[in-house]
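Report on one structure; see the data block that follows.
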Amino acid sequence: MSLPFLPLRTERTSGVLDDPNIVGSIVEQVAAGNAAEACRIAVRWCSLTKDRRAQCDGNQGLLWKQLTGAVFPTARAPAPADAAHGYRPKAAQSAAKEWFVYLCKQMTTMKERRQDYAYAKIERDEYDDKFYDDGEESDLEAWDRHREEWMNCERKLARLEEKVRAARHEYPQDADERRGTLDNRNLYKRLMDRGVASLSKAQLLVLATRMRFQMQQAHMAELFPERAFQTETDVPTAKANEAWSRLRADIDARLHKMVGPKWAARRESAQRFAVHRDRKDPREAELTALVRAAEARLDTTPRGATYAGLDRPEQAVLRGALNDLTHSRFVGWTLHAYRAELNRKKAALERALAPLLVQASPTPR
């Protein structure tokens, strides 16, 4: 689908590029909350001809740096820690382009992680009878409770450490309290480890996808710092969060061995099937177009993608209907086999989308 001509908005781009078509397209996509599409446009534009490649890659990638400033104005500069997440520029000349592409990929990963978590919760609610066993606490809820108790112990240990540092001496009662807290922390850590083994397949998937979503969320918040979300925390809380980050990485590594490769293969298979499905059946292609229209009404900027719970009420309804429909297609439902069910989900998505389309309509003069 070709993009319409979009005029250059100089107040947003500050003369980033000389071509008003490309700048207007990129900036308008960002303004619409579609950074992934903005990235695709930029990379495609810079790779169309030899002259454009030279223009984009020349001057130590100055144009790519300017594009990054236009598409990701809140992004910080590259840091050594980004190597752990995949940013390893091949040469200084290509570093600016690779950083731009890296930020684009992080946006895509954030969307996938959020979607995976939503799908896992849907599958748990639909198929896991154990989760609703007589209204009792589920194994996953117990695991969450043990994690919070573990965090409380970490906070308590940090407070005791600060107290000893301030007094320059550890009193006997403080030493006793520290030893007891360490014992409790280790107990809750063991309960968490046992809890993972007792989770059903559906709950294990929820835990794994939630863990990966939260880790990507934390990385995105660090990549795109925003003052509105930078809250001051006390030292004990900060230290507890650091301890949880380390433990979470360890747990995630173990969970990835259990469910990660299967989930990745499942996503890849679903993507291949979606291409075949849409080519074969025009009705499916129309449904995909509706999904894309719904996604365009959700905030997919770094801010909106990173911080859960920012949806306006009507956007939250839209996201729920969108997740319900896309999950059914993700697990292989087609209009040929599940026509009535998918049409009901389609109608729910259209109803959820309608108020946002009305809000976006221009006011008659």
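Simple scheme: letters A, B, ... for chains in structure tokens order, numbers from 1 for residues in each chain, numbers from 1 for ligands in the order shown.
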**Q.** Test item, helix (DSSP H, G or I) assignment across segment 4-223 of chain A, answer as a PyMOL selection string
**A.** chain A and resi 10-13+20-31+35-47+50-71+80-85+92-127+129-132+139-167+172-198+201-223
Q. Could you name the residues that touch segment 79-95 of chain A at 10 Å or less, counting only C-alpha atoms, but leaving out those on the same chain fewer than 2 positions away, as a ChimeraX atom specification?
A. /A:56-62,64-65,76-77,97-103,105-106,216,219,223
Go ahead and write the selection's residues with N, CA and C atoms as a PDB file, in the first residue's frame.
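Result file is again_20.pdb:
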```pdb
ATOM      1  N   CYS A  56      22.578   8.562   2.808  1.00  0.00           N
ATOM      2  CA  CYS A  56      22.218   8.179   4.175  1.00  0.00           C
ATOM      3  C   CYS A  56      23.440   7.757   4.993  1.00  0.00           C
ATOM      4  N   ASP A  57      24.396   7.071   4.339  1.00  0.00           N
ATOM      5  CA  ASP A  57      25.523   6.516   5.081  1.00  0.00           C
ATOM      6  C   ASP A  57      26.715   7.457   5.161  1.00  0.00           C
ATOM      7  N   GLY A  58      26.696   8.552   4.401  1.00  0.00           N
ATOM      8  CA  GLY A  58      27.830   9.477   4.402  1.00  0.00           C
ATOM      9  C   GLY A  58      27.898  10.321   5.660  1.00  0.00           C
ATOM     10  N   ASN A  59      29.006  11.021   5.802  1.00  0.00           N
ATOM     11  CA  ASN A  59      29.215  11.932   6.951  1.00  0.00           C
ATOM     12  C   ASN A  59      29.041  11.222   8.286  1.00  0.00           C
ATOM     13  N   GLN A  60      29.642  10.023   8.395  1.00  0.00           N
ATOM     14  CA  GLN A  60      29.539   9.236   9.635  1.00  0.00           C
ATOM     15  C   GLN A  60      28.087   8.978  10.039  1.00  0.00           C
ATOM     16  N   GLY A  61      27.238   8.805   9.020  1.00  0.00           N
ATOM     17  CA  GLY A  61      25.840   8.481   9.304  1.00  0.00           C
ATOM     18  C   GLY A  61      25.050   9.646   9.874  1.00  0.00           C
ATOM     19  N   LEU A  62      25.423  10.875   9.487  1.00  0.00           N
ATOM     20  CA  LEU A  62      24.748  12.052  10.050  1.00  0.00           C
ATOM     21  C   LEU A  62      23.248  12.010   9.792  1.00  0.00           C
ATOM     22  N   TRP A  64      21.338   9.425   9.403  1.00  0.00           N
ATOM     23  CA  TRP A  64      20.701   8.437  10.285  1.00  0.00           C
ATOM     24  C   TRP A  64      20.559   8.989  11.698  1.00  0.00           C
ATOM     25  N   LYS A  65      21.537   9.757  12.140  1.00  0.00           N
ATOM     26  CA  LYS A  65      21.442  10.369  13.465  1.00  0.00           C
ATOM     27  C   LYS A  65      20.276  11.355  13.517  1.00  0.00           C
ATOM     28  N   ARG A  76      17.954   7.801  24.459  1.00  0.00           N
ATOM     29  CA  ARG A  76      19.280   8.184  24.943  1.00  0.00           C
ATOM     30  C   ARG A  76      20.324   7.775  23.919  1.00  0.00           C
ATOM     31  N   ALA A  77      21.586   8.127  24.181  1.00  0.00           N
ATOM     32  CA  ALA A  77      22.686   7.758  23.297  1.00  0.00           C
ATOM     33  C   ALA A  77      23.069   6.297  23.525  1.00  0.00           C
ATOM     34  N   LYS A  97      23.346   4.078  11.633  1.00  0.00           N
ATOM     35  CA  LYS A  97      22.265   3.321  11.009  1.00  0.00           C
ATOM     36  C   LYS A  97      21.885   2.124  11.884  1.00  0.00           C
ATOM     37  N   GLU A  98      22.889   1.427  12.392  1.00  0.00           N
ATOM     38  CA  GLU A  98      22.619   0.251  13.209  1.00  0.00           C
ATOM     39  C   GLU A  98      21.905   0.623  14.504  1.00  0.00           C
ATOM     40  N   TRP A  99      22.192   1.804  15.048  1.00  0.00           N
ATOM     41  CA  TRP A  99      21.498   2.256  16.250  1.00  0.00           C
ATOM     42  C   TRP A  99      20.040   2.543  15.944  1.00  0.00           C
ATOM     43  N   PHE A 100      19.773   3.175  14.797  1.00  0.00           N
ATOM     44  CA  PHE A 100      18.404   3.449  14.393  1.00  0.00           C
ATOM     45  C   PHE A 100      17.635   2.133  14.223  1.00  0.00           C
ATOM     46  N   VAL A 101      18.239   1.174  13.518  1.00  0.00           N
ATOM     47  CA  VAL A 101      17.592  -0.120  13.297  1.00  0.00           C
ATOM     48  C   VAL A 101      17.402  -0.855  14.623  1.00  0.00           C
ATOM     49  N   TYR A 102      18.386  -0.729  15.505  1.00  0.00           N
ATOM     50  CA  TYR A 102      18.298  -1.376  16.821  1.00  0.00           C
ATOM     51  C   TYR A 102      17.094  -0.850  17.598  1.00  0.00           C
ATOM     52  N   LEU A 103      16.901   0.470  17.617  1.00  0.00           N
ATOM     53  CA  LEU A 103      15.754   1.048  18.318  1.00  0.00           C
ATOM     54  C   LEU A 103      14.449   0.563  17.697  1.00  0.00           C
ATOM     55  N   LYS A 105      13.997  -2.322  16.217  1.00  0.00           N
ATOM     56  CA  LYS A 105      13.819  -3.712  16.617  1.00  0.00           C
ATOM     57  C   LYS A 105      13.339  -3.813  18.065  1.00  0.00           C
ATOM     58  N   GLN A 106      13.814  -2.916  18.917  1.00  0.00           N
ATOM     59  CA  GLN A 106      13.356  -2.938  20.306  1.00  0.00           C
ATOM     60  C   GLN A 106      11.872  -2.614  20.385  1.00  0.00           C
ATOM     61  N   GLN A 216      11.826  -6.676  29.000  1.00  0.00           N
ATOM     62  CA  GLN A 216      11.879  -5.766  27.844  1.00  0.00           C
ATOM     63  C   GLN A 216      11.331  -4.399  28.227  1.00  0.00           C
ATOM     64  N   HIS A 219      14.052  -2.536  29.938  1.00  0.00           N
ATOM     65  CA  HIS A 219      15.066  -2.085  28.977  1.00  0.00           C
ATOM     66  C   HIS A 219      14.563  -0.892  28.172  1.00  0.00           C
ATOM     67  N   LEU A 223      16.029   2.797  27.743  1.00  0.00           N
ATOM     68  CA  LEU A 223      16.379   3.325  26.423  1.00  0.00           C
ATOM     69  C   LEU A 223      15.710   4.659  26.146  1.00  0.00           C
TER      70      LEU A 223
END
```
Q: Determine, counting only C-alpha atoms, which protein, DNA and RNA residues have an atom within 12 Å of an atom of Val275 of chain A; residues of the same chain fewer than 4 positions away are not included. Present the result as a list of chain:residue names.
A: A:Glu268, A:Ser269, A:Ala270, A:Gln271, A:Arg279, A:Lys280, A:Asp281, A:Pro282, A:Glu284, A:Ala285, A:Thr288, A:Arg329, A:Phe330
Pull C-alpha atoms from the residues just selected and write them as a PDB file, in the first residue's frame.
```pdb
ATOM      1  CA  GLU A 268       7.236 -18.058  13.348  1.00  0.00           C
ATOM      2  CA  SER A 269       4.794 -20.735  12.196  1.00  0.00           C
ATOM      3  CA  ALA A 270       1.822 -18.437  12.871  1.00  0.00           C
ATOM      4  CA  GLN A 271       3.433 -15.647  10.838  1.00  0.00           C
ATOM      5  CA  ARG A 279      -3.225 -14.632   0.029  1.00  0.00           C
ATOM      6  CA  LYS A 280      -5.653 -17.512  -0.276  1.00  0.00           C
ATOM      7  CA  ASP A 281      -8.786 -15.827   1.107  1.00  0.00           C
ATOM      8  CA  PRO A 282      -9.641 -12.141   0.438  1.00  0.00           C
ATOM      9  CA  GLU A 284      -8.921 -12.972   5.667  1.00  0.00           C
ATOM     10  CA  ALA A 285      -6.963 -10.134   4.076  1.00  0.00           C
ATOM     11  CA  THR A 288      -6.039  -8.370   8.648  1.00  0.00           C
ATOM     12  CA  ARG A 329      -5.975 -16.290  14.472  1.00  0.00           C
ATOM     13  CA  PHE A 330      -2.607 -16.931  16.122  1.00  0.00           C
TER      14      PHE A 330
END
```
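Contact shell of segment 149-166 of chain A at 6 Å (only C-alpha atoms; same-chain neighbours under 4 positions omitted): Glu170, Thr181, Arg185, Tyr188, Pro236, Thr237 and Ala240 of chain A.
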Give me, as a Markdown table, the closest atom pair and its distance (Å, one decimal) for every residue of segment 189-230 of chain A within a cut-off of 9 Å of segment 298-315 of chain A, counting only C-alpha atoms, rows sorted by chain and rising number.
```
| residue | atom | partner | partner_atom | distance |
| --- | --- | --- | --- | --- |
| A:Gln216 | CA | A:Thr306 | CA | 8.3 |
| A:Gln217 | CA | A:Thr306 | CA | 5.3 |
| A:Ala218 | CA | A:Thr306 | CA | 7.9 |
| A:His219 | CA | A:Thr306 | CA | 8.9 |
| A:Met220 | CA | A:Thr306 | CA | 6.1 |
| A:Ala221 | CA | A:Thr306 | CA | 6.3 |
| A:Leu223 | CA | A:Pro302 | CA | 9.0 |
| A:Phe224 | CA | A:Pro302 | CA | 6.7 |
| A:Pro225 | CA | A:Arg303 | CA | 8.8 |
| A:Glu226 | CA | A:Arg303 | CA | 7.8 |
| A:Phe229 | CA | A:Tyr307 | CA | 8.7 |
```
Next, dump the selected residues to file, keeping only C-alpha atoms, as a PDB file, in the first residue's frame.
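out_31.pdb was written with the following content:
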```
ATOM      1  CA  GLN A 216      11.879  -5.766  27.844  1.00  0.00           C
ATOM      2  CA  GLN A 217       9.749  -3.139  29.560  1.00  0.00           C
ATOM      3  CA  ALA A 218      12.633  -2.287  31.902  1.00  0.00           C
ATOM      4  CA  HIS A 219      15.066  -2.085  28.977  1.00  0.00           C
ATOM      5  CA  MET A 220      12.721   0.183  27.022  1.00  0.00           C
ATOM      6  CA  ALA A 221      12.280   2.478  30.020  1.00  0.00           C
ATOM      7  CA  LEU A 223      16.379   3.325  26.423  1.00  0.00           C
ATOM      8  CA  PHE A 224      13.679   5.993  26.324  1.00  0.00           C
ATOM      9  CA  PRO A 225      13.844   7.821  29.666  1.00  0.00           C
ATOM     10  CA  GLU A 226      10.944  10.154  30.331  1.00  0.00           C
ATOM     11  CA  PHE A 229       7.941   8.305  34.786  1.00  0.00           C
TER      12      PHE A 229
END
```
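Of the residues under consideration (A:Arg339, A:Lys121, A:Lys189, A:Arg246), A:Lys189 shows the shortest atom-to-atom contact distance to Asp144 of chain A when counting only C-alpha atoms.
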Non-local contacts of Lys345 of chain A (9 Å; only C-alpha atoms; under 2 positions in same chain excluded) as a short mmCIF file (atom, residue, chain, number, x, y, z; two decimals) with N, CA and C atoms, in the first residue's frame:
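Contents of the output file selection_10.cif:
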```cif
data_model
loop_
_atom_site.label_atom_id
_atom_site.label_comp_id
_atom_site.auth_asym_id
_atom_site.auth_seq_id
_atom_site.Cartn_x
_atom_site.Cartn_y
_atom_site.Cartn_z
N ALA A 321 -10.36 -6.36 22.73
CA ALA A 321 -11.01 -6.97 21.57
C ALA A 321 -9.98 -7.38 20.53
N LEU A 322 -8.94 -6.57 20.36
CA LEU A 322 -7.89 -6.88 19.40
C LEU A 322 -7.12 -8.14 19.82
N ASP A 324 -8.19 -10.55 21.66
CA ASP A 324 -9.08 -11.71 21.56
C ASP A 324 -9.12 -12.23 20.13
N LEU A 325 -9.26 -11.32 19.17
CA LEU A 325 -9.33 -11.73 17.76
C LEU A 325 -7.98 -12.25 17.27
N ALA A 340 -18.38 -18.27 12.24
CA ALA A 340 -19.30 -17.60 13.17
C ALA A 340 -18.52 -17.00 14.33
N GLU A 341 -17.58 -17.76 14.89
CA GLU A 341 -16.82 -17.28 16.05
C GLU A 341 -15.97 -16.06 15.69
N LEU A 342 -15.26 -16.14 14.55
CA LEU A 342 -14.41 -15.02 14.15
C LEU A 342 -15.23 -13.79 13.76
N ASN A 343 -16.38 -14.00 13.17
CA ASN A 343 -17.24 -12.85 12.83
C ASN A 343 -17.74 -12.15 14.09
N ALA A 347 -16.89 -8.34 14.89
CA ALA A 347 -17.90 -7.33 15.23
C ALA A 347 -17.55 -6.62 16.53
N ALA A 348 -17.03 -7.36 17.50
CA ALA A 348 -16.62 -6.75 18.77
C ALA A 348 -15.48 -5.77 18.56
N LEU A 349 -14.54 -6.13 17.67
CA LEU A 349 -13.43 -5.23 17.38
C LEU A 349 -13.92 -3.98 16.66
N GLU A 350 -14.83 -4.14 15.73
CA GLU A 350 -15.37 -2.98 15.00
C GLU A 350 -16.10 -2.04 15.95
#
```
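Minimum atom-to-atom distances from A:Met110, A:Ala175, A:Leu187, A:Gln115 to Gly320 of chain A were compared using only C-alpha atoms, and the lowest value belongs to A:Gln115.
Proximity of A:Leu287, A:Ala36, A:Met107, A:Ile26 to Ala70 of chain A, computed with only C-alpha atoms, is greatest for A:Ile26.
Nearest residue to Arg351 of chain A among A:Val317, A:Ala54, A:Leu199, A:Val291 is A:Val317, counting only C-alpha atoms.
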Q. Excluding same-chain residues fewer than 5 positions from Glu126 of chain A, what lies within 12 Å of it counting only C-alpha atoms, as a list in words?
A. Tyr119, Ala120, Lys121, Phe131, Tyr132, Ala202, Gln203, Asp324, His327 and Ser328 of chain A
Take the residues that were just selected and, keeping N, CA and C atoms, output them as a short mmCIF file (atom, residue, chain, number, x, y, z; two decimals), in the first residue's frame.
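Saved the output as selection-v3.cif:
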```cif
data_model
loop_
_atom_site.label_atom_id
_atom_site.label_comp_id
_atom_site.auth_asym_id
_atom_site.auth_seq_id
_atom_site.Cartn_x
_atom_site.Cartn_y
_atom_site.Cartn_z
N TYR A 119 -1.56 -13.19 25.03
CA TYR A 119 -2.00 -14.48 24.50
C TYR A 119 -1.91 -15.57 25.56
N ALA A 120 -0.81 -15.57 26.33
CA ALA A 120 -0.64 -16.60 27.36
C ALA A 120 -1.74 -16.53 28.40
N LYS A 121 -2.14 -15.32 28.78
CA LYS A 121 -3.21 -15.17 29.76
C LYS A 121 -4.55 -15.65 29.18
N PHE A 131 -6.25 -23.50 37.20
CA PHE A 131 -6.17 -22.10 37.63
C PHE A 131 -7.43 -21.71 38.41
N TYR A 132 -8.53 -22.38 38.15
CA TYR A 132 -9.79 -22.02 38.80
C TYR A 132 -10.26 -23.11 39.75
N ALA A 202 0.04 -24.07 31.21
CA ALA A 202 -0.54 -22.76 30.89
C ALA A 202 -0.02 -21.68 31.83
N GLN A 203 0.09 -21.98 33.13
CA GLN A 203 0.58 -21.00 34.08
C GLN A 203 2.08 -20.75 33.89
N ASP A 324 -8.19 -10.55 21.66
CA ASP A 324 -9.08 -11.71 21.56
C ASP A 324 -9.12 -12.23 20.13
N HIS A 327 -5.49 -13.44 18.89
CA HIS A 327 -5.08 -14.70 19.51
C HIS A 327 -5.75 -15.88 18.81
N SER A 328 -7.02 -15.75 18.49
CA SER A 328 -7.72 -16.83 17.80
C SER A 328 -7.06 -17.13 16.45
#
```
Q | Atomic distance atom CA of Phe72 of chain A - atom CA of Arg210 of chain A, expressed in Å with one decimal | A | 25.7 Å
